[in-house]
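Heads up, model.tsv below (TSV, C-alpha atoms):
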chain	number	residue	atom	x	y	z
A	121	MET	CA	-0.92	5.51	-30.34
A	122	ASP	CA	2.41	3.65	-30.02
A	123	PHE	CA	5.09	3.80	-27.38
A	124	THR	CA	8.71	4.42	-28.25
A	125	GLU	CA	10.71	1.51	-26.92
A	126	ILE	CA	14.22	2.63	-26.01
A	127	VAL	CA	16.69	-0.25	-25.76
A	128	ILE	CA	19.90	0.44	-23.84
A	129	GLU	CA	22.66	-2.10	-24.43
A	130	ILE	CA	25.22	-2.19	-21.62
A	131	GLY	CA	27.77	-4.47	-20.01
A	132	ALA	CA	26.17	-6.97	-17.64
A	133	GLY	CA	28.11	-5.50	-14.74
A	134	ASP	CA	26.42	-2.11	-15.21
A	135	VAL	CA	22.80	-3.32	-14.99
A	136	GLU	CA	22.03	-1.78	-11.60
A	137	LYS	CA	23.46	1.63	-12.50
A	138	ALA	CA	21.67	1.68	-15.84
A	139	ALA	CA	18.34	0.55	-14.34
A	140	ALA	CA	18.49	3.27	-11.70
A	141	ILE	CA	19.17	5.92	-14.36
A	142	ALA	CA	16.40	4.53	-16.60
A	143	ASN	CA	13.96	4.81	-13.71
A	144	MET	CA	14.77	8.51	-13.51
A	145	ALA	CA	13.75	8.93	-17.14
A	146	VAL	CA	10.47	7.07	-16.73
A	147	PRO	CA	9.30	5.86	-13.28
A	148	HIS	CA	7.17	3.00	-14.63
A	149	GLY	CA	7.45	0.44	-17.39
A	150	ILE	CA	11.04	-0.71	-17.77
A	151	TYR	CA	12.29	-4.26	-17.96
A	152	ILE	CA	15.75	-5.76	-17.96
A	153	GLU	CA	17.27	-8.56	-20.03
A	154	ASP	CA	20.25	-9.96	-18.16
A	155	TYR	CA	21.40	-13.52	-18.80
A	156	SER	CA	24.66	-13.37	-16.84
A	157	ASP	CA	23.31	-15.62	-14.05
A	158	LEU	CA	20.78	-17.53	-16.14
A	159	GLU	CA	21.30	-21.00	-14.65
A	160	ALA	CA	21.33	-19.80	-11.04
A	161	GLU	CA	18.25	-17.63	-11.54
A	162	ALA	CA	16.34	-20.43	-13.27
A	163	GLN	CA	17.07	-22.71	-10.34
A	164	ARG	CA	16.22	-20.05	-7.73
A	165	ILE	CA	12.96	-18.89	-9.34
A	166	ALA	CA	11.61	-21.91	-11.20
A	167	HIS	CA	13.64	-24.75	-9.58
A	168	ILE	CA	14.61	-26.15	-12.97
A	169	ASN	CA	17.86	-27.16	-14.64
A	170	LEU	CA	16.53	-27.61	-18.18
A	171	ILE	CA	16.81	-24.30	-20.06
A	172	ASP	CA	15.87	-23.54	-23.65
A	173	GLU	CA	18.90	-23.60	-25.98
A	174	GLU	CA	17.99	-20.18	-27.38
A	175	LEU	CA	18.37	-18.70	-23.90
A	176	LEU	CA	21.60	-20.57	-23.26
A	177	ALA	CA	23.01	-19.01	-26.43
A	178	LYS	CA	22.45	-15.47	-25.17
A	179	ASP	CA	25.49	-13.26	-24.60
A	180	ARG	CA	26.27	-13.39	-20.86
A	181	ASP	CA	28.46	-10.28	-20.94
A	182	VAL	CA	25.77	-7.96	-22.29
A	183	ALA	CA	22.44	-6.80	-20.84
A	184	TRP	CA	19.60	-4.67	-22.14
A	185	VAL	CA	17.36	-2.19	-20.34
A	186	HIS	CA	14.06	-1.50	-22.12
A	187	VAL	CA	12.31	1.81	-21.48
A	188	TYR	CA	8.87	2.74	-22.78
A	189	ILE	CA	7.97	6.37	-23.51
A	190	LEU	CA	4.66	7.82	-24.67
A	191	PRO	CA	4.82	10.44	-27.46
A	192	GLU	CA	3.69	13.26	-25.16
A	193	ASN	CA	6.58	12.45	-22.80
A	194	ASN	CA	9.13	13.44	-25.46
A	195	PRO	CA	11.16	10.34	-26.38
A	196	VAL	CA	13.95	12.46	-27.92
A	197	GLU	CA	14.46	14.29	-24.64
A	198	ALA	CA	14.43	11.01	-22.71
A	199	ILE	CA	17.10	9.55	-24.99
A	200	GLU	CA	19.33	12.60	-24.54
A	201	PHE	CA	18.85	12.41	-20.75
A	202	LEU	CA	19.82	8.73	-20.76
A	203	ARG	CA	22.93	9.34	-22.87
A	204	GLN	CA	24.11	12.15	-20.59
A	205	ARG	CA	23.46	10.35	-17.31
A	206	LEU	CA	24.89	7.04	-18.45
A	207	GLY	CA	27.97	8.82	-19.75
A	208	SER	CA	28.40	10.72	-16.48
A	209	ALA	CA	28.14	7.43	-14.58
A	210	GLY	CA	30.81	5.85	-16.78
A	211	VAL	CA	28.42	3.30	-18.26
A	212	LYS	CA	29.31	2.40	-21.85
A	213	ASN	CA	26.11	2.00	-23.83
A	214	LYS	CA	24.41	1.70	-27.19
A	215	ILE	CA	20.90	3.10	-27.50
A	216	SER	CA	18.38	2.07	-30.15
A	217	THR	CA	14.66	2.71	-30.54
A	218	LYS	CA	11.62	1.06	-32.11
A	219	ALA	CA	7.86	1.47	-32.05
A	220	CYS	CA	5.87	-0.69	-29.63
A	221	ARG	CA	2.12	-1.17	-29.97
A	222	VAL	CA	0.17	-0.26	-26.86
A	223	GLU	CA	-1.71	-3.57	-26.98
A	224	ASP	CA	1.53	-5.56	-26.92
A	225	TYR	CA	2.95	-3.51	-24.06
A	226	ILE	CA	-0.18	-3.83	-21.96
A	227	ASN	CA	-0.89	-7.52	-22.45
A	228	ASN	CA	2.28	-9.51	-23.12
A	229	TRP	CA	3.73	-9.38	-19.60
A	230	LYS	CA	0.49	-10.48	-17.89
A	231	GLN	CA	1.22	-14.16	-18.42
A	232	TYR	CA	4.18	-13.89	-16.02
A	233	PHE	CA	2.35	-12.14	-13.16
A	234	ARG	CA	0.88	-14.66	-10.68
A	235	PRO	CA	-0.17	-14.57	-6.99
A	236	VAL	CA	2.83	-14.16	-4.68
A	237	ALA	CA	3.01	-14.22	-0.87
A	238	VAL	CA	4.86	-11.31	0.75
A	239	GLY	CA	5.88	-11.26	4.39
A	240	GLU	CA	3.58	-13.02	6.83
A	241	ARG	CA	0.26	-11.32	6.14
A	242	LEU	CA	-0.13	-10.39	2.47
A	243	LEU	CA	-0.86	-12.18	-0.79
A	244	ILE	CA	-0.35	-10.02	-3.87
A	245	CYS	CA	-2.67	-11.14	-6.63
A	246	PRO	CA	-3.28	-9.76	-10.15
A	247	SER	CA	-6.93	-8.83	-10.50
A	248	TRP	CA	-7.34	-11.18	-13.48
A	249	ARG	CA	-6.09	-14.16	-11.41
A	250	ARG	CA	-8.21	-13.60	-8.27
A	251	ASP	CA	-9.88	-17.00	-8.66
A	252	GLU	CA	-6.47	-18.70	-8.45
A	253	ALA	CA	-5.57	-17.12	-5.12
A	254	GLU	CA	-5.30	-19.32	-2.03
A	255	PRO	CA	-5.07	-16.81	0.85
A	256	ASN	CA	-4.39	-19.26	3.71
A	257	GLY	CA	-5.20	-16.54	6.22
A	258	ARG	CA	-3.43	-13.73	4.37
A	259	ALA	CA	-5.01	-10.46	3.28
A	260	VAL	CA	-5.38	-10.54	-0.51
A	261	LEU	CA	-4.17	-7.39	-2.23
A	262	GLN	CA	-5.54	-7.38	-5.78
A	263	ILE	CA	-3.42	-5.33	-8.13
A	264	ASP	CA	-3.81	-4.33	-11.76
A	265	PRO	CA	-0.68	-2.32	-12.57
A	266	GLY	CA	-1.88	-1.28	-16.02
A	267	LEU	CA	0.79	1.03	-17.43
A	268	ALA	CA	1.88	2.15	-13.94
A	269	PHE	CA	4.07	-0.81	-13.04
A	270	GLY	CA	4.33	-1.92	-9.44
A	271	THR	CA	3.30	-5.52	-8.84
A	272	GLY	CA	5.05	-6.37	-5.58
A	273	THR	CA	7.55	-8.74	-7.20
A	274	HIS	CA	10.47	-6.32	-7.47
A	275	GLU	CA	12.90	-6.25	-4.54
A	276	THR	CA	12.26	-2.59	-3.73
A	277	THR	CA	8.51	-3.09	-3.40
A	278	SER	CA	8.74	-6.36	-1.48
A	279	LEU	CA	11.15	-4.68	0.96
A	280	CYS	CA	8.61	-1.90	1.49
A	281	LEU	CA	5.75	-4.34	1.99
A	282	SER	CA	7.65	-6.33	4.61
A	283	LEU	CA	8.59	-3.14	6.48
A	284	LEU	CA	5.04	-1.81	6.31
A	285	GLU	CA	3.88	-5.10	7.80
A	286	LYS	CA	6.46	-4.74	10.59
A	287	TYR	CA	5.78	-1.11	11.52
A	288	MET	CA	2.15	-0.41	10.57
A	289	LYS	CA	-0.03	0.49	13.56
A	290	PRO	CA	-3.83	0.42	13.52
A	291	GLY	CA	-5.29	3.80	12.65
A	292	ALA	CA	-2.11	5.20	11.08
A	293	MET	CA	-2.25	7.96	8.46
A	294	VAL	CA	0.01	7.06	5.53
A	295	LEU	CA	1.66	9.11	2.78
A	296	ASP	CA	2.93	7.14	-0.23
A	297	ILE	CA	5.28	9.32	-2.32
A	298	GLY	CA	5.72	8.08	-5.87
A	299	CYS	CA	2.78	5.74	-5.42
A	300	GLY	CA	2.84	4.19	-8.92
A	301	SER	CA	0.17	1.49	-9.06
A	302	GLY	CA	-0.86	2.27	-5.47
A	303	ILE	CA	0.28	-1.09	-4.16
A	304	LEU	CA	1.89	0.31	-1.01
A	305	SER	CA	-1.05	2.59	-0.23
A	306	VAL	CA	-3.56	-0.24	-0.57
A	307	ALA	CA	-1.32	-2.62	1.38
A	308	SER	CA	-1.01	-0.14	4.25
A	309	ILE	CA	-4.81	0.08	4.51
A	310	LEU	CA	-5.17	-3.71	4.45
A	311	LEU	CA	-2.54	-3.82	7.21
A	312	GLY	CA	-4.57	-1.49	9.43
A	313	ALA	CA	-3.95	2.11	8.33
A	314	LYS	CA	-6.87	4.48	8.80
A	315	ALA	CA	-6.22	6.19	5.46
A	316	ALA	CA	-3.54	6.60	2.81
A	317	THR	CA	-2.64	9.40	0.42
A	318	GLY	CA	-0.76	8.45	-2.71
A	319	VAL	CA	1.05	11.09	-4.75
A	320	ASP	CA	2.72	10.65	-8.12
A	321	ILE	CA	3.92	12.99	-10.85
A	322	ASP	CA	2.43	10.66	-13.49
A	323	GLU	CA	-1.29	11.19	-14.14
A	324	LEU	CA	-1.62	7.62	-15.40
A	325	ALA	CA	-0.14	6.27	-12.16
A	326	VAL	CA	-2.59	8.33	-10.10
A	327	LYS	CA	-5.50	6.97	-12.13
A	328	THR	CA	-4.23	3.39	-11.80
A	329	ALA	CA	-3.72	3.77	-8.05
A	330	ALA	CA	-7.29	5.00	-7.60
A	331	GLU	CA	-8.59	2.07	-9.65
A	332	ASN	CA	-6.62	-0.42	-7.55
A	333	ALA	CA	-8.01	1.10	-4.36
A	334	LYS	CA	-11.49	0.55	-5.81
A	335	ILE	CA	-10.71	-3.07	-6.79
A	336	ASN	CA	-9.71	-3.72	-3.16
A	337	GLY	CA	-12.72	-1.96	-1.67
A	338	VAL	CA	-10.71	0.78	0.06
A	339	SER	CA	-11.56	3.81	-2.10
A	340	ASP	CA	-13.11	5.55	0.91
A	341	LYS	CA	-9.73	5.43	2.68
A	342	PHE	CA	-7.50	6.38	-0.24
A	343	THR	CA	-6.75	9.77	-1.79
A	344	ALA	CA	-4.78	10.03	-5.05
A	345	VAL	CA	-2.88	13.26	-5.80
A	346	CYS	CA	-1.06	14.17	-9.00
A	347	GLY	CA	1.95	16.27	-8.07
A	348	ASN	CA	5.71	16.39	-7.58
A	349	LEU	CA	6.85	14.88	-4.28
A	350	VAL	CA	5.17	16.83	-1.43
A	351	ASP	CA	4.36	20.04	-3.33
A	352	LYS	CA	0.58	19.51	-2.96
A	353	ILE	CA	0.63	17.73	0.41
A	354	ARG	CA	-0.45	19.28	3.71
A	355	GLY	CA	-0.43	17.96	7.27
A	356	GLN	CA	1.55	15.31	9.13
A	357	PHE	CA	1.54	11.54	8.75
A	358	ASP	CA	2.30	8.53	10.93
A	359	VAL	CA	4.01	6.64	8.10
A	360	ILE	CA	5.68	8.06	5.01
A	361	VAL	CA	6.92	5.66	2.36
A	362	ALA	CA	9.04	6.73	-0.61
A	363	ASN	CA	9.84	3.90	-3.01
A	364	ILE	CA	11.52	5.93	-5.74
A	365	VAL	CA	15.24	6.27	-6.58
A	366	ALA	CA	18.13	7.60	-4.51
A	367	ASP	CA	18.44	11.02	-6.18
A	368	VAL	CA	14.74	11.77	-5.69
A	369	ILE	CA	14.82	10.60	-2.06
A	370	ILE	CA	17.80	12.86	-1.40
A	371	GLU	CA	15.78	15.80	-2.75
A	372	LEU	CA	12.76	14.75	-0.67
A	373	ASN	CA	14.88	14.60	2.47
A	374	LYS	CA	15.26	18.39	2.38
A	375	SER	CA	11.60	18.85	3.33
A	376	VAL	CA	10.14	15.55	4.53
A	377	LYS	CA	10.44	16.36	8.24
A	378	ASN	CA	7.71	18.98	7.82
A	379	TYR	CA	5.25	16.13	7.27
A	380	ILE	CA	6.12	13.87	10.19
A	381	HIS	CA	5.93	13.96	13.99
A	382	LYS	CA	8.12	12.39	16.65
A	383	ARG	CA	6.55	8.94	16.40
A	384	SER	CA	6.37	8.83	12.59
A	385	MET	CA	8.08	6.15	10.53
A	386	TYR	CA	9.86	7.29	7.36
A	387	LEU	CA	10.47	4.37	4.99
A	388	MET	CA	12.81	4.85	2.01
A	389	SER	CA	13.33	2.28	-0.75
A	390	GLY	CA	14.39	2.01	-4.40
A	391	ILE	CA	17.99	2.47	-3.28
A	392	ILE	CA	20.82	0.53	-4.88
A	393	GLU	CA	23.58	-0.44	-2.44
A	394	PRO	CA	26.23	1.98	-3.78
A	395	ARG	CA	23.88	4.88	-2.92
A	396	GLU	CA	23.11	3.77	0.64
A	397	LEU	CA	25.66	6.09	2.25
A	398	ASP	CA	24.39	9.01	0.15
A	399	ILE	CA	20.92	8.48	1.63
A	400	PHE	CA	22.29	8.37	5.19
A	401	ASN	CA	24.24	11.58	4.59
A	402	SER	CA	21.18	13.36	3.17
A	403	LEU	CA	19.11	12.80	6.33
A	404	GLU	CA	19.09	15.73	8.70
A	405	PRO	CA	20.84	15.21	12.08
A	406	ASP	CA	17.58	14.84	14.03
A	407	PHE	CA	16.72	11.62	12.15
A	408	ASN	CA	17.61	8.24	13.66
A	409	VAL	CA	17.88	5.21	11.38
A	410	ILE	CA	16.11	2.35	13.17
A	411	ASP	CA	16.06	-0.38	10.53
A	412	VAL	CA	17.84	-1.34	7.31
A	413	LYS	CA	16.76	-4.28	5.12
A	414	ARG	CA	18.56	-5.59	2.06
A	415	LYS	CA	17.49	-7.85	-0.76
A	416	ASN	CA	19.94	-8.75	-3.49
A	417	SER	CA	21.55	-5.37	-4.28
A	418	TRP	CA	18.65	-3.20	-3.05
A	419	VAL	CA	18.29	-1.39	0.28
A	420	ALA	CA	15.33	-0.07	2.28
A	421	ILE	CA	15.81	2.23	5.26
A	422	VAL	CA	13.46	3.19	8.10
A	423	ALA	CA	14.11	6.39	10.06
A	424	MET	CA	12.40	8.30	12.86
A	425	ILE	CA	12.79	11.92	13.91
A	426	SER	CA	14.20	12.45	17.39
A	427	ARG	CA	12.94	15.97	18.14
What do you get writing this file as structure tokens?
Amino acid sequence: MDFTEIVIEIGAGDVEKAAAIANMAVPHGIYIEDYSDLEAEAQRIAHINLIDEELLAKDRDVAWVHVYILPENNPVEAIEFLRQRLGSAGVKNKISTKACRVEDYINNWKQYFRPVAVGERLLICPSWRRDEAEPNGRAVLQIDPGLAFGTGTHETTSLCLSLLEKYMKPGAMVLDIGCGSGILSVASILLGAKAATGVDIDELAVKTAAENAKINGVSDKFTAVCGNLVDKIRGQFDVIVANIVADVIIELNKSVKNYIHKRSMYLMSGIIEPRELDIFNSLEPDFNVIDVKRKNSWVAIVAMISR
């Protein structure tokens, strides 16, 4: 069975808007081609000045967002959604499609995923590179994202991991909304949480999260739930983390206080800077924002309830 690869061509200045909209259409499995800052990014990431001529020839004014849709997820509907939302956001675009073999999608990106240190206490490591890991006193979080992407390298996830490290207390009960690969749930347990519940609307993500909990030896402390936001969740939690997109967080903010107590930490991420104020305005008056972290153009917010 093949994926449909949807390729959205946009102006380089609209990458963040387009990526946020694409993540609404499919929460996992997008990647972005953006060569507008090629030299600076090559120096920042790889510390090199020598760049292949083929890359240097790329159009710096254009970018491409690639979205992958399974047949049962209705590619035609996803394309129509993308056209409408991009148009409403004023993003000029050209959309094309092609078939993508599952084997290529699963395996090609693995060569770029290597162990990476996050914060002061974690080392994120792909399960197939465990032997290469040099922990140096860090807790090793093995991750195999499969088709439910979430490797710890994206700004939104690294922001969450650093904030979890900062605010996690031993014995905490954690709720991870939109858990994806389960990286934040597993990390919270490695950082001292008593247990974590991960919920995702995508059955594949739920399966992947459970498998990653097993890889890390924390299956007994992790519960995976397939559902929409908090529809199937009961009880209160010490830490709630929602690494999704702004529109979904705004919807979640209508009911999230039913799942927290006065000392709970509510961590929101996946927010592009232009939507930061929208998130603040969507919080009910009895929430206090206690921390805001930024990385590139992404924002993560921590709030507590004051009642």
Shell of 9 Å around Gly291 (chain A), only C-alpha atoms, local chain residues under 3 positions omitted, as a PyMOL selection string: chain A and resi 288+309+312-315
A:Cys245, A:Val294, A:Leu311, A:Ile391 ranked by distance to Val359 (chain A), top pick (using all atoms listed in the file):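 Comparing A:Cys245, A:Val294, A:Leu311, A:Ile391 against Val359 (chain A), the winner is A:Val294.
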For CA of Ile297 (chain A) and CA of Ala420 (chain A), the interatomic separation in Å (one decimal):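 Result for CA of Ile297 (chain A) versus CA of Ala420 (chain A): 14.5 Å, one decimal.
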Residue among A:Tyr151, A:Asp351, A:Ala237, A:Glu125 lying closest to Pro191 (chain A), counting only C-alpha atoms: A:Glu125
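Minimum atom-to-atom distance to Asn143 (chain A), evaluated using all atoms listed in the file, belongs to A:Asn363 out of A:Thr343, A:Asn256, A:Asn363, A:Thr317.
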Distance of CA of Ala423 (chain A) from CA of Phe407 (chain A), expressed in Å to one decimal place: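 So the two atoms, CA of Phe407 (chain A) and CA of Ala423 (chain A), lie 6.2 Å apart.
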Point (23.0, -0.5, -23.8) neighbourhood (6 Å, all atoms listed in the file) written as a ChimeraX atom specification: /A:128-130,184,213-215
Neighbour list for Glu136 (chain A) as JSON, numbers by chain, cut-off 12 Å, all atoms listed in the file, skip fewer than 2 positions in-chain: {"A": [130, 131, 132, 133, 134, 138, 139, 140, 141, 142, 143, 151, 152, 153, 154, 183, 184, 185, 206, 209, 211, 365, 390, 391, 392, 393, 394, 395, 416, 417, 418]}
Spatial neighbours of Ala307 (chain A), 10 Å, only C-alpha atoms, chain gap at least 5 places, as a list of chain:residue names: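 With the cut-off at 10 Å, the set is A:Leu242, A:Leu243, A:Ile244, A:Ala259, A:Val260, A:Leu261, A:Gln262, A:Cys280, A:Leu281, A:Leu284, A:Glu285, A:Gly302, A:Gly312, A:Ala313, A:Ala316, A:Ala333, A:Asn336.
Across the model, the gap from CA of Ala292 (chain A) to CA of Ala330 (chain A) is 19.4 Å.
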Point (7.5, 11.5, -21.7) neighbourhood (12 Å, all atoms listed in the file) written as a count of residues only: 28
Selected residue, from A:Ile303, A:Ser384, A:Ser402, A:Phe342, that lies nearest to Ile369 (chain A) when counting all atoms listed in the file: A:Ser402
Pick from A:Ile380, A:Met388, A:Val422, A:Val306, whichever lies nearest to Val338 (chain A) using all atoms listed in the file: A:Val306
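Checking A:Lys377, A:Lys413, A:Lys382, A:Lys327 one by one against Val345 (chain A), counting only C-alpha atoms, you find the shortest gap at A:Lys327.
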